[in-house]
$ cat data.cif   # mmCIF, C-alpha atoms
data_start
loop_
_atom_site.label_atom_id
_atom_site.label_comp_id
_atom_site.auth_asym_id
_atom_site.auth_seq_id
_atom_site.Cartn_x
_atom_site.Cartn_y
_atom_site.Cartn_z
CA MET A 89 86.58 88.51 86.92
CA ARG A 90 89.50 90.93 86.88
CA LYS A 91 93.24 90.69 87.08
CA HIS A 92 94.63 90.92 90.60
CA PRO A 93 96.43 94.29 90.68
CA SER A 94 98.72 93.39 93.54
CA ARG A 95 100.63 90.88 91.44
CA LYS A 96 101.19 93.14 88.46
CA ALA A 97 103.09 95.89 90.25
CA PRO A 98 106.86 95.53 90.71
CA ALA A 99 108.21 96.58 94.12
CA SER A 100 108.63 100.13 95.98
CA ARG A 101 109.09 103.19 98.06
CA LEU A 102 106.50 105.94 98.40
CA GLY A 103 107.14 108.80 96.01
CA ALA A 104 107.40 112.45 96.68
CA SER A 105 103.70 112.96 96.04
CA LEU A 106 102.80 110.71 98.97
CA LEU A 107 105.37 112.15 101.29
CA ALA A 108 104.78 115.79 100.53
CA GLY A 109 101.76 116.12 102.79
CA GLY A 110 101.89 116.28 106.55
CA LEU A 111 105.47 117.48 106.93
CA ALA A 112 104.66 120.30 109.33
CA LEU A 113 107.35 120.68 111.94
CA ALA A 114 106.51 119.91 115.54
CA LEU A 115 108.51 120.27 118.72
CA PRO A 116 110.65 117.19 119.34
CA LEU A 117 109.54 114.85 122.07
CA ALA A 118 111.44 114.94 125.31
CA LEU A 119 112.58 111.33 125.26
CA ALA A 120 113.70 110.10 128.62
CA GLY A 121 116.39 107.44 128.52
CA CYS A 122 115.38 105.45 125.41
CA GLY A 123 116.58 105.36 121.84
CA SER A 124 119.84 106.56 120.40
CA ARG A 125 120.41 110.28 119.99
CA GLY A 126 122.22 111.75 117.04
CA GLU A 127 123.77 115.13 116.26
CA GLU A 128 122.27 115.74 112.83
CA GLY A 129 122.76 119.29 111.60
CA GLY A 130 123.53 120.45 115.09
CA SER A 131 120.28 119.12 116.52
CA GLY A 132 120.96 116.96 119.52
CA ASP A 133 117.41 115.80 120.21
CA ALA A 134 116.74 113.39 117.34
CA THR A 135 115.93 109.91 118.70
CA THR A 136 116.05 106.66 116.79
CA LEU A 137 113.74 103.78 117.70
CA LYS A 138 114.22 100.48 115.94
CA ILE A 139 111.63 98.12 114.49
CA GLY A 140 112.71 94.56 113.84
CA PHE A 141 111.70 92.72 110.68
CA ASP A 142 111.83 88.94 110.27
CA ALA A 143 111.06 86.87 107.15
CA PRO A 144 112.76 84.48 104.71
CA LEU A 145 115.12 86.75 102.75
CA THR A 146 117.05 83.90 101.14
CA GLY A 147 115.94 80.52 99.83
CA PRO A 148 112.81 79.47 97.93
CA LEU A 149 110.49 81.86 99.79
CA SER A 150 112.78 84.88 99.51
CA ALA A 151 110.71 86.68 96.86
CA VAL A 152 107.77 86.84 99.29
CA GLY A 153 109.98 87.83 102.20
CA LEU A 154 111.76 90.56 100.26
CA GLY A 155 108.47 91.98 99.00
CA MET A 156 107.32 92.17 102.61
CA ARG A 157 110.58 93.85 103.66
CA HIS A 158 110.30 96.47 100.92
CA SER A 159 106.78 97.23 102.13
CA ALA A 160 107.91 97.54 105.75
CA GLU A 161 110.75 99.84 104.65
CA GLN A 162 108.23 102.03 102.86
CA ALA A 163 106.08 102.31 105.97
CA VAL A 164 109.11 103.45 107.95
CA LYS A 165 110.09 105.94 105.27
CA ASP A 166 106.54 107.29 105.16
CA ALA A 167 106.31 107.62 108.94
CA ASN A 168 109.62 109.44 109.17
CA ALA A 169 108.76 111.84 106.37
CA LYS A 170 105.38 112.65 107.91
CA LYS A 171 106.89 112.90 111.40
CA ILE A 172 104.12 110.73 112.78
CA VAL A 173 105.96 110.73 116.10
CA PRO A 174 107.69 114.14 116.32
CA GLY A 175 111.30 113.89 117.43
CA VAL A 176 111.51 110.18 116.63
CA THR A 177 113.17 108.59 113.62
CA PHE A 178 112.28 104.95 113.02
CA GLU A 179 114.77 102.48 111.64
CA LEU A 180 114.01 99.00 110.26
CA VAL A 181 116.37 96.22 111.34
CA SER A 182 115.93 93.17 109.08
CA LYS A 183 116.83 89.57 109.81
CA ASP A 184 116.60 86.50 107.58
CA ASP A 185 114.91 83.47 109.15
CA GLN A 186 115.19 81.31 105.98
CA GLY A 187 111.71 80.02 106.78
CA THR A 188 113.22 78.04 109.68
CA PRO A 189 111.72 78.20 113.21
CA SER A 190 115.04 77.73 115.03
CA ILE A 191 116.58 80.67 113.15
CA GLY A 192 113.52 82.78 113.88
CA GLN A 193 113.95 82.00 117.56
CA GLN A 194 117.58 83.15 117.42
CA ASN A 195 116.51 86.33 115.64
CA ALA A 196 113.96 87.00 118.37
CA GLY A 197 116.73 86.81 120.96
CA ALA A 198 118.80 89.32 119.00
CA PHE A 199 115.83 91.69 118.78
CA VAL A 200 115.29 91.48 122.53
CA ALA A 201 118.94 92.34 123.17
CA ASP A 202 118.68 95.60 121.20
CA LYS A 203 117.62 98.16 123.81
CA ASP A 204 116.43 100.63 121.14
CA LEU A 205 114.03 98.16 119.55
CA VAL A 206 110.30 98.68 120.30
CA GLY A 207 108.57 96.11 118.09
CA VAL A 208 108.96 93.32 115.54
CA VAL A 209 107.22 92.88 112.19
CA GLY A 210 106.91 89.24 111.14
CA ALA A 211 107.31 86.47 110.60
CA TYR A 212 106.03 85.16 107.27
CA ASN A 213 105.73 81.51 108.30
CA SER A 214 103.32 80.66 111.12
CA SER A 215 105.76 78.06 112.43
CA VAL A 216 108.51 80.70 112.67
CA SER A 217 106.28 83.14 114.53
CA GLN A 218 105.31 80.34 116.88
CA SER A 219 108.99 79.91 117.77
CA MET A 220 109.48 83.66 118.27
CA GLN A 221 106.41 84.41 120.39
CA PRO A 222 107.67 83.26 123.82
CA THR A 223 110.97 85.15 123.58
CA LEU A 224 109.39 88.40 122.43
CA ALA A 225 106.55 88.12 124.94
CA ALA A 226 108.96 87.64 127.85
CA ALA A 227 110.55 90.98 126.93
CA ASN A 228 107.18 92.75 126.35
CA ILE A 229 108.07 93.38 122.70
CA LEU A 230 105.13 94.00 120.39
CA GLN A 231 105.06 91.51 117.49
CA VAL A 232 102.78 92.17 114.50
CA SER A 233 102.59 89.87 111.48
CA GLY A 234 101.16 90.81 108.11
CA ALA A 235 101.24 87.21 106.86
CA ASN A 236 100.56 84.58 109.56
CA THR A 237 97.19 82.90 109.07
CA ASN A 238 97.23 79.88 111.41
CA PRO A 239 94.45 80.54 113.97
CA THR A 240 96.24 78.86 116.89
CA LEU A 241 98.85 81.63 117.10
CA THR A 242 96.27 83.90 118.68
CA ARG A 243 93.49 81.59 119.87
CA GLY A 244 95.43 78.54 121.07
CA PRO A 245 95.26 74.83 120.17
CA LYS A 246 91.53 74.67 120.91
CA ASP A 247 90.87 77.74 118.79
CA GLU A 248 87.22 76.94 118.09
CA GLU A 249 85.80 75.18 121.14
CA ALA A 250 87.86 76.95 123.81
CA PRO A 251 89.84 79.89 122.36
CA ALA A 252 92.45 81.39 124.67
CA ARG A 253 94.84 84.26 124.05
CA GLN A 254 98.38 82.89 123.85
CA TYR A 255 100.57 85.99 124.06
CA LYS A 256 99.38 89.53 124.76
CA THR A 257 102.29 90.86 122.67
CA TYR A 258 101.29 89.11 119.42
CA PHE A 259 98.95 90.67 116.82
CA ARG A 260 98.29 90.30 113.10
CA THR A 261 96.80 92.52 110.43
CA VAL A 262 95.79 89.67 108.11
CA THR A 263 92.85 87.29 108.59
CA THR A 264 93.23 83.59 109.42
CA ASP A 265 92.70 80.16 107.87
CA ALA A 266 89.54 79.87 109.93
CA ASN A 267 88.08 82.38 107.45
CA GLU A 268 90.04 81.34 104.34
CA ALA A 269 89.86 77.54 104.21
CA PRO A 270 86.04 77.34 104.44
CA GLU A 271 85.85 79.44 101.25
CA LEU A 272 87.59 76.58 99.40
CA SER A 273 84.94 74.21 100.71
CA LYS A 274 82.17 76.54 99.61
CA TYR A 275 83.66 76.84 96.12
CA LEU A 276 84.00 73.07 95.69
CA VAL A 277 80.55 72.19 96.99
CA GLU A 278 78.49 75.05 95.58
CA LYS A 279 80.34 75.94 92.37
CA LEU A 280 82.03 72.73 91.21
CA LYS A 281 79.56 70.32 92.87
CA VAL A 282 82.50 68.27 94.14
CA LYS A 283 82.00 65.97 97.12
CA GLU A 284 85.18 63.81 97.07
CA VAL A 285 88.49 65.54 97.76
CA ALA A 286 92.07 64.60 98.62
CA THR A 287 94.12 66.69 101.02
CA VAL A 288 97.90 67.04 101.05
CA ASN A 289 99.94 69.03 103.57
CA ASP A 290 103.64 69.75 104.13
CA GLY A 291 103.64 68.86 107.83
CA LYS A 292 104.24 72.43 109.01
CA VAL A 293 102.01 74.48 111.31
CA TYR A 294 100.52 76.51 108.48
CA GLY A 295 99.92 73.59 106.10
CA GLN A 296 98.33 71.38 108.71
CA GLY A 297 96.09 74.23 109.78
CA VAL A 298 94.82 74.78 106.23
CA VAL A 299 93.76 71.17 105.65
CA THR A 300 92.27 70.86 109.14
CA LYS A 301 90.09 73.93 108.74
CA PHE A 302 89.14 72.93 105.21
CA ALA A 303 88.20 69.37 106.17
CA ALA A 304 85.98 70.56 109.02
CA ALA A 305 84.02 72.87 106.73
CA PHE A 306 83.92 70.38 103.85
CA THR A 307 82.58 67.44 105.88
CA LYS A 308 80.02 69.71 107.51
CA ALA A 309 78.83 70.64 104.01
CA GLY A 310 78.39 66.98 103.09
CA GLY A 311 81.75 66.37 101.41
CA LYS A 312 84.23 63.59 102.10
CA VAL A 313 88.03 63.63 102.30
CA VAL A 314 88.80 60.34 100.54
CA VAL A 315 92.57 60.37 101.06
CA LYS A 316 94.95 62.32 103.29
CA GLN A 317 98.62 62.68 102.33
CA GLN A 318 101.64 64.42 103.82
CA ILE A 319 104.85 65.42 102.07
CA GLY A 320 108.17 66.88 103.15
CA GLU A 321 108.70 70.60 102.60
CA LYS A 322 111.74 69.85 100.45
CA ASP A 323 110.25 66.95 98.44
CA THR A 324 110.27 67.20 94.66
CA ASP A 325 109.05 63.75 93.55
CA PHE A 326 105.36 63.30 94.36
CA SER A 327 104.73 60.15 92.30
CA ALA A 328 103.54 58.05 95.25
CA VAL A 329 101.23 60.80 96.48
CA VAL A 330 99.91 61.38 92.97
CA SER A 331 99.22 57.67 92.53
CA ASN A 332 97.25 57.51 95.77
CA ILE A 333 95.20 60.56 94.83
CA LYS A 334 94.50 59.24 91.34
CA ASN A 335 93.35 55.87 92.69
CA SER A 336 91.16 57.47 95.37
CA GLY A 337 88.64 58.91 92.96
CA ALA A 338 89.14 62.42 94.34
CA LYS A 339 87.74 65.17 92.13
CA ALA A 340 90.04 67.87 93.55
CA VAL A 341 93.11 68.28 95.74
CA VAL A 342 93.37 70.77 98.59
CA TYR A 343 96.98 71.53 99.45
CA GLY A 344 98.15 72.92 102.76
CA GLY A 345 101.56 74.44 102.24
CA GLU A 346 103.48 76.84 100.04
CA TYR A 347 104.00 77.37 96.32
CA PRO A 348 107.46 75.73 95.93
CA GLN A 349 105.83 72.30 96.45
CA ALA A 350 102.31 73.16 95.26
CA GLY A 351 103.47 74.03 91.72
CA PRO A 352 105.31 70.74 91.02
CA LEU A 353 102.51 68.78 92.71
CA SER A 354 99.93 70.30 90.36
CA LYS A 355 102.16 69.62 87.36
CA GLN A 356 102.78 65.99 88.31
CA LEU A 357 99.09 65.38 89.02
CA LYS A 358 98.04 66.47 85.55
CA ALA A 359 100.95 64.67 83.89
CA ALA A 360 99.77 61.42 85.53
CA GLY A 361 96.32 61.87 84.04
CA ALA A 362 94.58 63.26 87.11
CA LYS A 363 92.87 66.20 85.43
CA ILE A 364 91.61 67.70 88.67
CA PRO A 365 92.15 71.18 90.16
CA LEU A 366 94.54 71.92 92.98
CA LEU A 367 93.28 74.38 95.56
CA GLY A 368 95.19 76.14 98.31
CA CYS A 369 95.31 79.22 100.47
CA ASP A 370 97.46 82.34 100.35
CA ALA A 371 100.88 80.65 100.51
CA VAL A 372 100.12 78.98 97.16
CA TYR A 373 99.15 82.30 95.57
CA ASP A 374 102.31 83.46 93.86
CA GLU A 375 103.51 83.96 90.29
CA GLN A 376 106.14 81.30 90.94
CA PHE A 377 103.38 78.72 91.43
CA ILE A 378 102.26 79.27 87.84
CA LYS A 379 105.84 79.09 86.56
CA LEU A 380 106.47 75.84 88.44
CA ALA A 381 103.19 74.21 87.40
CA GLY A 382 103.23 75.47 83.82
CA ALA A 383 100.09 74.81 81.80
CA ALA A 384 98.88 72.48 84.55
CA ALA A 385 98.11 75.52 86.74
CA GLU A 386 95.16 76.51 84.56
CA GLY A 387 92.00 76.29 86.65
CA ASP A 388 93.82 75.95 89.96
CA VAL A 389 92.35 78.06 92.75
CA THR A 390 93.52 79.84 95.90
CA THR A 391 92.08 82.01 98.58
CA THR A 392 94.01 85.02 99.77
CA ALA A 393 93.59 86.62 103.16
CA ALA A 394 93.25 89.97 101.52
CA LYS A 395 91.33 92.16 99.14
CA PRO A 396 93.16 93.25 95.98
CA ILE A 397 94.48 96.76 96.50
CA GLY A 398 94.39 99.67 94.06
CA ASP A 399 91.05 101.35 94.70
CA THR A 400 91.93 104.05 97.24
CA PRO A 401 94.28 107.02 96.74
CA ALA A 402 96.64 105.69 99.43
CA GLN A 403 96.78 102.28 97.76
CA GLN A 404 97.38 103.83 94.36
CA GLN A 405 100.21 105.93 95.76
CA PHE A 406 101.74 102.85 97.36
CA ILE A 407 101.59 100.92 94.07
CA ALA A 408 103.02 103.83 92.08
CA ALA A 409 105.86 104.29 94.54
CA TYR A 410 106.61 100.57 94.58
CA LYS A 411 106.90 100.59 90.79
CA ALA A 412 109.06 103.70 90.88
CA ALA A 413 111.47 102.09 93.34
CA GLY A 414 112.16 99.30 90.87
CA HIS A 415 112.36 96.44 93.34
CA ALA A 416 112.88 93.06 91.69
CA GLU A 417 110.27 91.41 93.92
CA PRO A 418 106.53 92.25 93.84
CA TYR A 419 104.83 93.35 97.04
CA GLY A 420 102.38 90.49 96.57
CA ILE A 421 99.46 89.73 98.83
CA PHE A 422 101.32 90.31 102.07
CA GLY A 423 103.15 93.56 101.27
CA PRO A 424 100.23 95.88 102.07
CA TYR A 425 99.41 93.93 105.24
CA THR A 426 103.08 94.11 106.26
CA TYR A 427 102.99 97.86 105.64
CA ASP A 428 100.02 98.02 108.01
CA ALA A 429 101.79 95.77 110.54
CA THR A 430 104.72 98.21 110.57
CA MET A 431 102.37 101.16 110.93
CA THR A 432 100.69 99.36 113.83
CA ILE A 433 103.96 99.52 115.76
CA ILE A 434 104.58 103.14 114.77
CA ASN A 435 101.06 104.24 115.67
CA SER A 436 101.34 102.38 118.97
CA VAL A 437 104.46 104.41 119.77
CA LYS A 438 102.53 107.57 118.86
CA ALA A 439 99.58 106.57 121.08
CA THR A 440 102.00 105.86 123.92
CA ALA A 441 103.57 109.32 123.59
CA ASP A 442 100.18 111.01 123.27
CA GLY A 443 99.05 109.32 126.48
CA ASN A 444 102.21 110.35 128.28
CA GLY A 445 101.98 114.11 127.89
CA GLY A 446 103.64 114.12 124.49
CA THR A 447 106.75 112.24 125.58
CA VAL A 448 107.87 108.67 125.06
CA PRO A 449 108.42 106.77 128.34
CA ASP A 450 111.87 105.59 129.30
CA ALA A 451 113.24 102.26 128.11
CA LYS A 452 112.01 100.33 131.17
CA GLU A 453 108.40 101.15 130.38
CA LEU A 454 108.32 101.75 126.64
CA ARG A 455 107.98 98.21 125.30
CA ALA A 456 105.13 97.26 127.63
CA LYS A 457 103.33 100.57 127.03
CA VAL A 458 103.58 100.15 123.25
CA THR A 459 102.05 96.68 123.47
CA GLU A 460 99.22 98.00 125.64
CA ALA A 461 98.59 100.76 123.10
CA ALA A 462 98.34 98.29 120.22
CA GLN A 463 95.43 96.49 121.86
CA LYS A 464 93.42 99.72 121.90
CA LEU A 465 94.56 101.00 118.51
CA THR A 466 92.32 101.91 115.58
CA PHE A 467 93.62 103.50 112.40
CA GLU A 468 93.04 103.51 108.66
CA GLY A 469 95.65 101.37 106.96
CA LEU A 470 96.35 100.49 103.35
CA THR A 471 94.14 97.42 103.68
CA GLY A 472 91.28 99.08 105.56
CA THR A 473 90.57 99.77 109.22
CA ILE A 474 93.10 98.18 111.55
CA ALA A 475 91.75 97.27 114.99
CA PHE A 476 92.25 94.16 117.08
CA ASP A 477 89.92 91.83 118.97
CA GLU A 478 90.62 90.31 122.37
CA PHE A 479 92.86 87.65 120.81
CA GLY A 480 95.04 90.04 118.80
CA ASP A 481 93.38 89.28 115.46
CA ASN A 482 92.44 92.04 113.06
CA LYS A 483 88.69 92.63 113.00
CA ASN A 484 88.86 92.97 109.20
CA HIS A 485 88.25 89.48 107.78
CA SER A 486 88.60 90.07 104.04
CA VAL A 487 89.06 86.98 101.83
CA THR A 488 89.45 86.83 98.03
CA LEU A 489 89.07 83.82 95.72
CA ASN A 490 91.52 83.62 92.80
CA ILE A 491 91.85 81.30 89.78
CA VAL A 492 94.57 80.77 87.19
CA LYS A 493 93.12 81.88 83.87
CA ASP A 494 95.16 82.26 80.68
CA GLY A 495 98.34 81.79 82.68
CA GLU A 496 97.65 84.54 85.23
CA TRP A 497 96.04 84.83 88.63
CA THR A 498 92.60 86.35 88.20
CA VAL A 499 90.16 87.45 90.90
CA MET A 500 86.85 85.63 90.92
#

$ encode --input "data.cif" --output "structure tokens"
Amino acid sequence: MRKHPSRKAPASRLGASLLAGGLALALPLALAGCGSRGEEGGSGDATTLKIGFDAPLTGPLSAVGLGMRHSAEQAVKDANAKKIVPGVTFELVSKDDQGTPSIGQQNAGAFVADKDLVGVVGAYNSSVSQSMQPTLAAANILQVSGANTNPTLTRGPKDEEAPARQYKTYFRTVTTDANEAPELSKYLVEKLKVKEVATVNDGKVYGQGVVTKFAAAFTKAGGKVVVKQQIGEKDTDFSAVVSNIKNSGAKAVVYGGEYPQAGPLSKQLKAAGAKIPLLGCDAVYDEQFIKLAGAAAEGDVTTTAAKPIGDTPAQQQFIAAYKAAGHAEPYGIFGPYTYDATMTIINSVKATADGNGGTVPDAKELRAKVTEAAQKLTFEGLTGTIAFDEFGDNKNHSVTLNIVKDGEWTVM
């Protein structure tokens, strides 16, 4: 086992060493009727295209959201420095959804109204993206998430027996709970030899999806869910839930939800004498979970829809630049995938220009053309090859299993 490098790095911008390459000047694109033109240094042909960013930037999930935003900002900075699309300067426009679907929906409307905006990165919460999808799709705006893992966002409510693409404008660079949750089942059955489990979820789209996918895999493997519980996303006292779990004879708890509730739940379970592990997926994986659970976190397990980064030169440069920037929030699991989500939009603009004789189409066509380009896109991202299947899911299905050991998340 080794320490997960993505949690040890503070946050970032790419340094001069990363940006130095690929700065060769190219003739500006002849941009017809889209973007805002500026008179920088006497040059009248610089065009700005905006990329929206949506995540919780305040509230209990703000550390994750801010780490994602820093990563998206770095992608934009990198693209501008390398002149990935000659003649175009990209600008990130950030909005705070507070982890609330109704606010995300309002943000989507504001993004649509901005004529210079060509795509949206986000959201963090699956439920928030679900609320944004129809508005962005109606305006042909490309939406790419580096964090959503609920399978129904791409494959519909019958995602296994009758999958159906929901919105042609929605894509994601991260894998889904259909790949993550079964790994928890495999760990319990094969490694811990556990056959009786309790499930708890927070009632949101993501949390319900985690326990549903887990239960399907677990029962198929011969296990039994002996008690099912649901909590509110703002609950802090889990005594009734803990009592039911303790009396059920469950040998483990699988939680569908996020770390602000998972940490206290783990702590209260152990304090009540239920010395059983809590398992969850990527939204539980955070340093704050360990702080909230304290010593009770030891032995708790999560999957993450990602491989730890740090092996490739590009990843190492990203980590070094993030540290150098001195952000208070770590990039976390989703930062690199958000970087790649941002680069998906940028590379889709590039592909659109390349297919249009080196020019970006006018505003009436640009959004739809960029979305069409994303579906055909293939490029090497921070997290590996980015390419999408017919549903808008990344073809890269990496999953990592992590355990709390000696007070730190450690890769198994």

$ closest_residue --input "data.cif" --among "A:Gln221, A:Asn335, A:Asn289, A:Asn236" --to "A:Asp265" --atoms "only C-alpha atoms"
A:Asn236

$ atom_distance --input "data.cif" --atom1 "atom CA of A:Ala451" --atom2 "atom CA of A:Glu468"
28.1 Å

$ resolve_selection --input "data.cif" --expression "the PyMOL selection byres ((chain A and resi 298) around 8)" --output "PyMOL selection string"
chain A and resi 238+265+269+294-297+299-302+343-345+369

$ resolve_selection --input "data.cif" --expression "the PyMOL selection byres ((chain A and resi 426) around 8)" --output "PyMOL selection string"
chain A and resi 156-157+159-160+209-210+233-235+261+422-425+427-430

$ resolve_selection --input "data.cif" --expression "the PyMOL selection byres ((chain A and resi 134-146) around 7)" --output "short mmCIF file (atom, residue, chain, number, x, y, z; two decimals) with C-alpha atoms, in the coordinates of the input"
data_model
loop_
_atom_site.label_atom_id
_atom_site.label_comp_id
_atom_site.auth_asym_id
_atom_site.auth_seq_id
_atom_site.Cartn_x
_atom_site.Cartn_y
_atom_site.Cartn_z
CA GLY A 123 116.58 105.36 121.84
CA SER A 124 119.84 106.56 120.40
CA ARG A 125 120.41 110.28 119.99
CA GLY A 126 122.22 111.75 117.04
CA SER A 131 120.28 119.12 116.52
CA GLY A 132 120.96 116.96 119.52
CA ASP A 133 117.41 115.80 120.21
CA GLY A 147 115.94 80.52 99.83
CA PRO A 148 112.81 79.47 97.93
CA LEU A 149 110.49 81.86 99.79
CA SER A 150 112.78 84.88 99.51
CA GLY A 153 109.98 87.83 102.20
CA LEU A 154 111.76 90.56 100.26
CA GLY A 175 111.30 113.89 117.43
CA VAL A 176 111.51 110.18 116.63
CA THR A 177 113.17 108.59 113.62
CA PHE A 178 112.28 104.95 113.02
CA GLU A 179 114.77 102.48 111.64
CA LEU A 180 114.01 99.00 110.26
CA VAL A 181 116.37 96.22 111.34
CA SER A 182 115.93 93.17 109.08
CA LYS A 183 116.83 89.57 109.81
CA ASP A 184 116.60 86.50 107.58
CA ASP A 185 114.91 83.47 109.15
CA GLN A 186 115.19 81.31 105.98
CA GLY A 187 111.71 80.02 106.78
CA PHE A 199 115.83 91.69 118.78
CA ASP A 204 116.43 100.63 121.14
CA LEU A 205 114.03 98.16 119.55
CA VAL A 206 110.30 98.68 120.30
CA GLY A 207 108.57 96.11 118.09
CA VAL A 208 108.96 93.32 115.54
CA VAL A 209 107.22 92.88 112.19
CA GLY A 210 106.91 89.24 111.14
CA ALA A 211 107.31 86.47 110.60
CA TYR A 212 106.03 85.16 107.27
#

$ closest_residue --input "data.cif" --among "A:Ala362, A:Leu353, A:Ala266, A:Ile434" --to "A:Lys170" --atoms "all atoms listed in the file"
A:Ile434

$ closest_residue --input "data.cif" --among "A:Ala408, A:Val173, A:Leu230, A:Ala360" --to "A:Ala461" --atoms "all atoms listed in the file"
A:Leu230

$ closest_residue --input "data.cif" --among "A:Pro222, A:Ala286, A:Lys256, A:Ala328" --to "A:Lys316" --atoms "only C-alpha atoms"
A:Ala286

$ closest_residue --input "data.cif" --among "A:Glu249, A:Asp477, A:Asp370, A:Glu417" --to "A:Lys395" --atoms "all atoms listed in the file"
A:Asp370

$ closest_residue --input "data.cif" --among "A:Gly446, A:Arg253, A:Val329, A:Ile378" --to "A:Pro174" --atoms "all atoms listed in the file"
A:Gly446

$ atom_distance --input "data.cif" --atom1 "atom CA of A:Lys457" --atom2 "atom CA of A:Asn435"
12.2 Å

$ atom_distance --input "data.cif" --atom1 "atom CA of A:Ile229" --atom2 "atom CA of A:Val200"
7.5 Å

$ residues_near_point --input "data.cif" --point "(103.8, 80.3, 94.1)" --cutoff "9 Å" --atoms "all atoms listed in the file" --output "PDB file with C-alpha atoms, in the frame of the given file"
ATOM      1  CA  LEU A 149     110.490  81.860  99.790  1.00  0.00           C
ATOM      2  CA  GLU A 346     103.480  76.840 100.040  1.00  0.00           C
ATOM      3  CA  TYR A 347     104.000  77.370  96.320  1.00  0.00           C
ATOM      4  CA  PRO A 348     107.460  75.730  95.930  1.00  0.00           C
ATOM      5  CA  GLN A 349     105.830  72.300  96.450  1.00  0.00           C
ATOM      6  CA  ALA A 350     102.310  73.160  95.260  1.00  0.00           C
ATOM      7  CA  GLY A 351     103.470  74.030  91.720  1.00  0.00           C
ATOM      8  CA  ALA A 371     100.880  80.650 100.510  1.00  0.00           C
ATOM      9  CA  VAL A 372     100.120  78.980  97.160  1.00  0.00           C
ATOM     10  CA  TYR A 373      99.150  82.300  95.570  1.00  0.00           C
ATOM     11  CA  ASP A 374     102.310  83.460  93.860  1.00  0.00           C
ATOM     12  CA  GLU A 375     103.510  83.960  90.290  1.00  0.00           C
ATOM     13  CA  GLN A 376     106.140  81.300  90.940  1.00  0.00           C
ATOM     14  CA  PHE A 377     103.380  78.720  91.430  1.00  0.00           C
ATOM     15  CA  ILE A 378     102.260  79.270  87.840  1.00  0.00           C
ATOM     16  CA  LYS A 379     105.840  79.090  86.560  1.00  0.00           C
ATOM     17  CA  LEU A 380     106.470  75.840  88.440  1.00  0.00           C
TER      18      LEU A 380
END

$ residues_around --input "data.cif" --residues "A:Thr307" --least-positions-apart "3" --cutoff "12 Å" --atoms "only C-alpha atoms" --output "JSON, numbers by chain"
{"A": [270, 273, 274, 276, 277, 282, 283, 284, 285, 299, 300, 301, 302, 303, 304, 310, 311, 312, 313, 314]}

$ residues_around --input "data.cif" --residues "A:Glu271" --least-positions-apart "3" --cutoff "9 Å" --atoms "all atoms listed in the file" --output "MDAnalysis selection string"
chainID A and resid 267:268 274:276 302 305 391 487:489

$ residues_around --input "data.cif" --residues "A:Asp481" --least-positions-apart "5" --cutoff "6 Å" --atoms "only C-alpha atoms" --output "ChimeraX atom specification"
/A:259-260,476

$ decode --input "data.cif" --residues "stretch 289-296 of chain A" --atoms "N, CA, C and O atoms" --output "compact mmCIF listing (two decimals), in the first residue's frame"
# COMPACT_ATOMS: atom_id res chain seq x y z
N ASN A 289 -28.15 5.98 3.24
CA ASN A 289 -27.95 6.99 2.19
C ASN A 289 -28.57 8.31 2.62
O ASN A 289 -29.41 8.36 3.53
N ASP A 290 -28.16 9.39 1.95
CA ASP A 290 -28.61 10.74 2.33
C ASP A 290 -29.82 11.22 1.55
O ASP A 290 -30.21 12.38 1.64
N GLY A 291 -30.41 10.34 0.74
CA GLY A 291 -31.63 10.69 0.02
C GLY A 291 -31.41 11.45 -1.27
O GLY A 291 -32.37 11.70 -2.01
N LYS A 292 -30.16 11.80 -1.59
CA LYS A 292 -29.89 12.55 -2.82
C LYS A 292 -29.58 11.58 -3.97
O LYS A 292 -29.38 10.38 -3.77
N VAL A 293 -29.55 12.13 -5.17
CA VAL A 293 -29.35 11.31 -6.37
C VAL A 293 -28.08 10.48 -6.26
O VAL A 293 -28.09 9.27 -6.53
N TYR A 294 -26.99 11.12 -5.88
CA TYR A 294 -25.72 10.41 -5.78
C TYR A 294 -25.77 9.30 -4.73
O TYR A 294 -25.42 8.15 -5.00
N GLY A 295 -26.20 9.66 -3.52
CA GLY A 295 -26.21 8.69 -2.42
C GLY A 295 -27.08 7.49 -2.68
O GLY A 295 -26.71 6.34 -2.39
N GLN A 296 -28.26 7.73 -3.23
CA GLN A 296 -29.15 6.62 -3.55
C GLN A 296 -28.56 5.72 -4.62
O GLN A 296 -28.70 4.49 -4.57
